[in-house]
Amino acid sequence: MTDIHVGFAPDERPEELNLTRFRATLARLLAGPNHPDMLVLSGDITDHGDAESFAKTADLLRDVPFPIVPLVGNHDSREGLLGAFPQVVPAEGGFLHYVIEAPLGLRVICLDTLEDGRHGGAFCETRSLWLADRLAEAPDTPTLIFMHHPPVVAGIDWMDPAPGEPWMERLREVLTGQSQVQAIHCGHLHRQIVTQFAGIPLGVTPSVAPLVAMDLTPIDKDVPDDRELITTEPPTYALHRWDGERLVSHYERVGDWQVLARFHAGLQPMIEGMFAERE
């Protein structure tokens with residue numbers, strides 16, 4: 001899950017919309033048929049990085065039966081995250097980046113792309129050297145990277161970085177030729193996006209908070225044109241499935257819908273026929 005933005009409107013009653021959307025998304029994950037080994041929160045967990053918003057988030061996650069893996073986004077604060085998630089240990093320089101050994105031989109690297117006071121991403125020399133060392137430790141181990149900011153220009157003009165920003169090029173240098181990296185997954189853009197970076201598949205998971213409107217036309221910052229910016233499209237989360245050889249990413253929107261078919265005796269011949277084709 002990404003971009004929850006708890007605390008955007010803390011005075012809303014009976015509960016702020018972002019917290020309601022997070023509660024619904026978490027309920028779907030917990031009540032659904034898929035039980036993950038961990039839950040990655042890839043940044044912008046809060047809207048202002050304040051302790052109260054982090055505490056509300058941590059409280060909702062208290063009974064989650066699998067590990068929580070939090071990252072900082074540009075709306076968060078490192079201090080707030082550490083207060084709510086004491087399992088995170090700061091690295092050299094105070095950066096909140098770390099490695100997790102996941103099941104079936106998958107290595108998960110979580111990156112810190114926060115630069116205080118900046119909306120866009122950052123990846124300094126210290127972080128670059130740290131990532132290079134982590135990749136060098138296990139060059140033959142399948143690796144998945146999570147980070148908040150996508151290091152690409154996606155076409156949503158008002159949200160995008162400038163092409164070729166130094167932090168993106170520094171990251172590209174580190175990742176080029178790292179064939180063990182299966183994919184990079186990010187947040188920040190509040191829309192589902194699929195592309196490549198340094199020859200590696202890169203996906204952006206849509207937000208739990210309201211989504212950014214789908215408008216790829218250029219924007220003039222000096223001319224308000226009444227375009228749509230934020231919508232109430234349903235909250236979405238991603239489920240990344242690693243089977244020991246291949247990573248497949250699924251995305252589910254959260255909302256009310258009708259079940260049109262269940263696996264009952266009347267549909268058993270159809271299911272049996274599908275299985276027969278595999279033989």
# chains A, B, ... in the order shown; residues from 1 in each chain; ligands from 1
>>> residues_around(residues="A:His148", least_positions_apart="4", cutoff="8 Å", atoms="only C-alpha atoms", output="MDAnalysis selection string")
chainID A and resid 42:44 71:73 111:113 121 186:188
>>> select_by_dssp(residues="stretch 33-163 of chain A", states="strand (DSSP E or B)", output="ChimeraX atom specification")
/A:39-42,46,68-71,98-102,106-110,143-146
>>> residues_around(residues="A:Thr231", least_positions_apart="2", cutoff="6 Å", atoms="only C-alpha atoms", output="list in words")
Pro210, Leu211, Ala213 and Glu233 of chain A
>>> write_last_selection(atoms="C-alpha atoms", output="CSV table (one decimal), in the first residue's frame")
chain,number,residue,atom,x,y,z
A,210,PRO,CA,-7.7,9.8,-3.5
A,211,LEU,CA,-6.1,9.3,-6.8
A,213,ALA,CA,-6.6,12.5,-12.2
A,233,GLU,CA,-11.4,6.7,-7.7
>>> closest_atom_pairs(of="stretch 9-116 of chain A", to="stretch 130-136 of chain A", cutoff="12 Å", atoms="only C-alpha atoms", output="tab-separated table")
residue	atom	partner	partner_atom	distance
A:Ala91	CA	A:Trp130	CA	9.3
A:Glu92	CA	A:Trp130	CA	9.0
A:Gly93	CA	A:Trp130	CA	10.6
A:Phe95	CA	A:Trp130	CA	10.1
A:Leu96	CA	A:Trp130	CA	11.4
A:His97	CA	A:Trp130	CA	8.8
A:Tyr98	CA	A:Arg134	CA	9.1
A:Val99	CA	A:Arg134	CA	8.0
A:Ile100	CA	A:Arg134	CA	11.1
A:Arg107	CA	A:Leu135	CA	9.8
A:Val108	CA	A:Arg134	CA	10.5
A:Ile109	CA	A:Arg134	CA	8.3
A:Cys110	CA	A:Leu131	CA	9.6
A:Leu111	CA	A:Leu131	CA	8.2
A:Asp112	CA	A:Leu131	CA	10.4
A:Thr113	CA	A:Leu131	CA	12.0
>>> write_last_selection(atoms="N, CA, C and O atoms", output="PDB file, in the first residue's frame")
ATOM      1  N   ALA A  91      20.008   3.920   9.478  1.00  0.00           N
ATOM      2  CA  ALA A  91      21.334   3.567   8.993  1.00  0.00           C
ATOM      3  C   ALA A  91      22.255   4.773   9.117  1.00  0.00           C
ATOM      4  O   ALA A  91      21.876   5.830   9.627  1.00  0.00           O
ATOM      5  N   GLU A  92      23.469   4.640   8.627  1.00  0.00           N
ATOM      6  CA  GLU A  92      24.428   5.744   8.647  1.00  0.00           C
ATOM      7  C   GLU A  92      23.833   6.965   7.943  1.00  0.00           C
ATOM      8  O   GLU A  92      23.235   6.849   6.875  1.00  0.00           O
ATOM      9  N   GLY A  93      23.968   8.120   8.567  1.00  0.00           N
ATOM     10  CA  GLY A  93      23.405   9.328   8.011  1.00  0.00           C
ATOM     11  C   GLY A  93      21.958   9.542   8.391  1.00  0.00           C
ATOM     12  O   GLY A  93      21.343  10.526   7.973  1.00  0.00           O
ATOM     13  N   PHE A  95      19.450   7.710   7.444  1.00  0.00           N
ATOM     14  CA  PHE A  95      18.534   7.276   6.399  1.00  0.00           C
ATOM     15  C   PHE A  95      17.805   6.006   6.810  1.00  0.00           C
ATOM     16  O   PHE A  95      18.367   5.112   7.455  1.00  0.00           O
ATOM     17  N   LEU A  96      16.537   5.912   6.416  1.00  0.00           N
ATOM     18  CA  LEU A  96      15.711   4.765   6.767  1.00  0.00           C
ATOM     19  C   LEU A  96      15.654   3.803   5.591  1.00  0.00           C
ATOM     20  O   LEU A  96      14.620   3.632   4.941  1.00  0.00           O
ATOM     21  N   HIS A  97      16.788   3.214   5.300  1.00  0.00           N
ATOM     22  CA  HIS A  97      16.843   2.180   4.268  1.00  0.00           C
ATOM     23  C   HIS A  97      17.356   0.885   4.905  1.00  0.00           C
ATOM     24  O   HIS A  97      18.158   0.907   5.837  1.00  0.00           O
ATOM     25  N   TYR A  98      16.872  -0.234   4.371  1.00  0.00           N
ATOM     26  CA  TYR A  98      17.199  -1.515   5.004  1.00  0.00           C
ATOM     27  C   TYR A  98      16.875  -2.659   4.053  1.00  0.00           C
ATOM     28  O   TYR A  98      16.262  -2.456   2.997  1.00  0.00           O
ATOM     29  N   VAL A  99      17.300  -3.858   4.458  1.00  0.00           N
ATOM     30  CA  VAL A  99      17.122  -5.067   3.645  1.00  0.00           C
ATOM     31  C   VAL A  99      16.323  -6.080   4.447  1.00  0.00           C
ATOM     32  O   VAL A  99      16.523  -6.237   5.654  1.00  0.00           O
ATOM     33  N   ILE A 100      15.419  -6.775   3.766  1.00  0.00           N
ATOM     34  CA  ILE A 100      14.632  -7.849   4.375  1.00  0.00           C
ATOM     35  C   ILE A 100      14.827  -9.118   3.557  1.00  0.00           C
ATOM     36  O   ILE A 100      14.750  -9.087   2.323  1.00  0.00           O
ATOM     37  N   ARG A 107      15.129 -11.274  -1.880  1.00  0.00           N
ATOM     38  CA  ARG A 107      15.693 -10.197  -1.065  1.00  0.00           C
ATOM     39  C   ARG A 107      14.931  -8.911  -1.375  1.00  0.00           C
ATOM     40  O   ARG A 107      14.734  -8.547  -2.534  1.00  0.00           O
ATOM     41  N   VAL A 108      14.482  -8.218  -0.337  1.00  0.00           N
ATOM     42  CA  VAL A 108      13.739  -6.977  -0.493  1.00  0.00           C
ATOM     43  C   VAL A 108      14.588  -5.830   0.034  1.00  0.00           C
ATOM     44  O   VAL A 108      15.017  -5.845   1.191  1.00  0.00           O
ATOM     45  N   ILE A 109      14.837  -4.840  -0.828  1.00  0.00           N
ATOM     46  CA  ILE A 109      15.594  -3.653  -0.435  1.00  0.00           C
ATOM     47  C   ILE A 109      14.642  -2.467  -0.407  1.00  0.00           C
ATOM     48  O   ILE A 109      13.974  -2.166  -1.403  1.00  0.00           O
ATOM     49  N   CYS A 110      14.583  -1.797   0.734  1.00  0.00           N
ATOM     50  CA  CYS A 110      13.734  -0.620   0.904  1.00  0.00           C
ATOM     51  C   CYS A 110      14.614   0.618   0.916  1.00  0.00           C
ATOM     52  O   CYS A 110      15.554   0.707   1.719  1.00  0.00           O
ATOM     53  N   LEU A 111      14.317   1.579   0.030  1.00  0.00           N
ATOM     54  CA  LEU A 111      15.145   2.770  -0.118  1.00  0.00           C
ATOM     55  C   LEU A 111      14.474   3.984   0.500  1.00  0.00           C
ATOM     56  O   LEU A 111      13.247   4.082   0.558  1.00  0.00           O
ATOM     57  N   ASP A 112      15.287   4.918   0.929  1.00  0.00           N
ATOM     58  CA  ASP A 112      14.855   6.195   1.492  1.00  0.00           C
ATOM     59  C   ASP A 112      15.126   7.261   0.433  1.00  0.00           C
ATOM     60  O   ASP A 112      16.275   7.554   0.117  1.00  0.00           O
ATOM     61  N   THR A 113      14.046   7.840  -0.138  1.00  0.00           N
ATOM     62  CA  THR A 113      14.213   8.868  -1.176  1.00  0.00           C
ATOM     63  C   THR A 113      13.732  10.237  -0.700  1.00  0.00           C
ATOM     64  O   THR A 113      13.458  11.122  -1.505  1.00  0.00           O
TER      65      THR A 113
END
>>> closest_residue(among="A:Ala138, A:Leu106, A:Met159, A:Ala265", to="A:Lys221", atoms="only C-alpha atoms")
A:Met159
>>> closest_residue(among="A:Asp63, A:Glu52, A:Glu115, A:Glu137", to="A:Arg78", atoms="only C-alpha atoms")
A:Glu115
>>> residues_around(residues="A:Asp50", least_positions_apart="4", cutoff="8 Å", atoms="only C-alpha atoms", output="compact mmCIF listing (two decimals) with N, CA, C and O atoms, in the first residue's frame")
# COMPACT_ATOMS: atom_id res chain seq x y z
N THR A 46 1.61 9.43 6.09
CA THR A 46 0.89 10.56 6.66
C THR A 46 0.95 11.73 5.69
O THR A 46 1.67 11.69 4.69
N PHE A 54 0.84 9.45 12.51
CA PHE A 54 1.55 8.17 12.52
C PHE A 54 0.96 7.24 13.56
O PHE A 54 0.84 6.03 13.34
N ASP A 76 6.09 12.53 4.76
CA ASP A 76 6.38 11.96 6.07
C ASP A 76 7.55 12.67 6.73
O ASP A 76 8.17 13.58 6.17
N SER A 77 7.88 12.22 7.93
CA SER A 77 9.11 12.62 8.61
C SER A 77 9.78 11.36 9.13
O SER A 77 9.10 10.41 9.53
N GLY A 80 8.83 10.90 12.85
CA GLY A 80 7.49 10.37 13.05
C GLY A 80 7.41 8.89 12.75
O GLY A 80 6.76 8.12 13.47
>>> closest_residue(among="A:Ala183, A:Thr195, A:Leu247, A:Trp158", to="A:Asp215", atoms="only C-alpha atoms")
A:Trp158
>>> closest_residue(among="A:Leu216, A:Leu267, A:Ala122, A:Leu202", to="A:His185", atoms="only C-alpha atoms")
A:Leu202
>>> closest_residue(among="A:Thr236, A:Val208, A:Gln258, A:Pro90", to="A:Leu17", atoms="only C-alpha atoms")
A:Val208
>>> closest_residue(among="A:Pro201, A:Pro70, A:Pro206, A:Gly177", to="A:Val89", atoms="only C-alpha atoms")
A:Pro70
>>> atom_distance(atom1="atom CA of A:Thr232", atom2="atom CA of A:Asp47")
17.1 Å
>>> atom_distance(atom1="atom CA of A:Pro36", atom2="atom CA of A:Phe66")
7.3 Å
>>> residues_around(residues="stretch 19-34 of chain A", least_positions_apart="6", cutoff="8 Å", atoms="only C-alpha atoms", output="list in words")
Ile4, Val6, Gly7, Leu60, Val64, Val208, Ala209, Pro235, Thr236, Tyr237 and Val254 of chain A
>>> atom_distance(atom1="atom CA of A:Ala58", atom2="atom CA of A:Leu144")
24.6 Å
>>> residues_around(residues="A:Glu165", least_positions_apart="6", cutoff="12 Å", atoms="only C-alpha atoms", output="list in words")
Gly120, Gly121, Ala122, Phe123, Cys124, Pro150, Pro151, Val152, Val153, Leu171 and Arg172 of chain A
>>> select_by_dssp(residues="stretch 36-245 of chain A", states="alpha helix (DSSP H)", output="PyMOL selection string")
chain A and resi 51-60+78-84+125-137+166-175
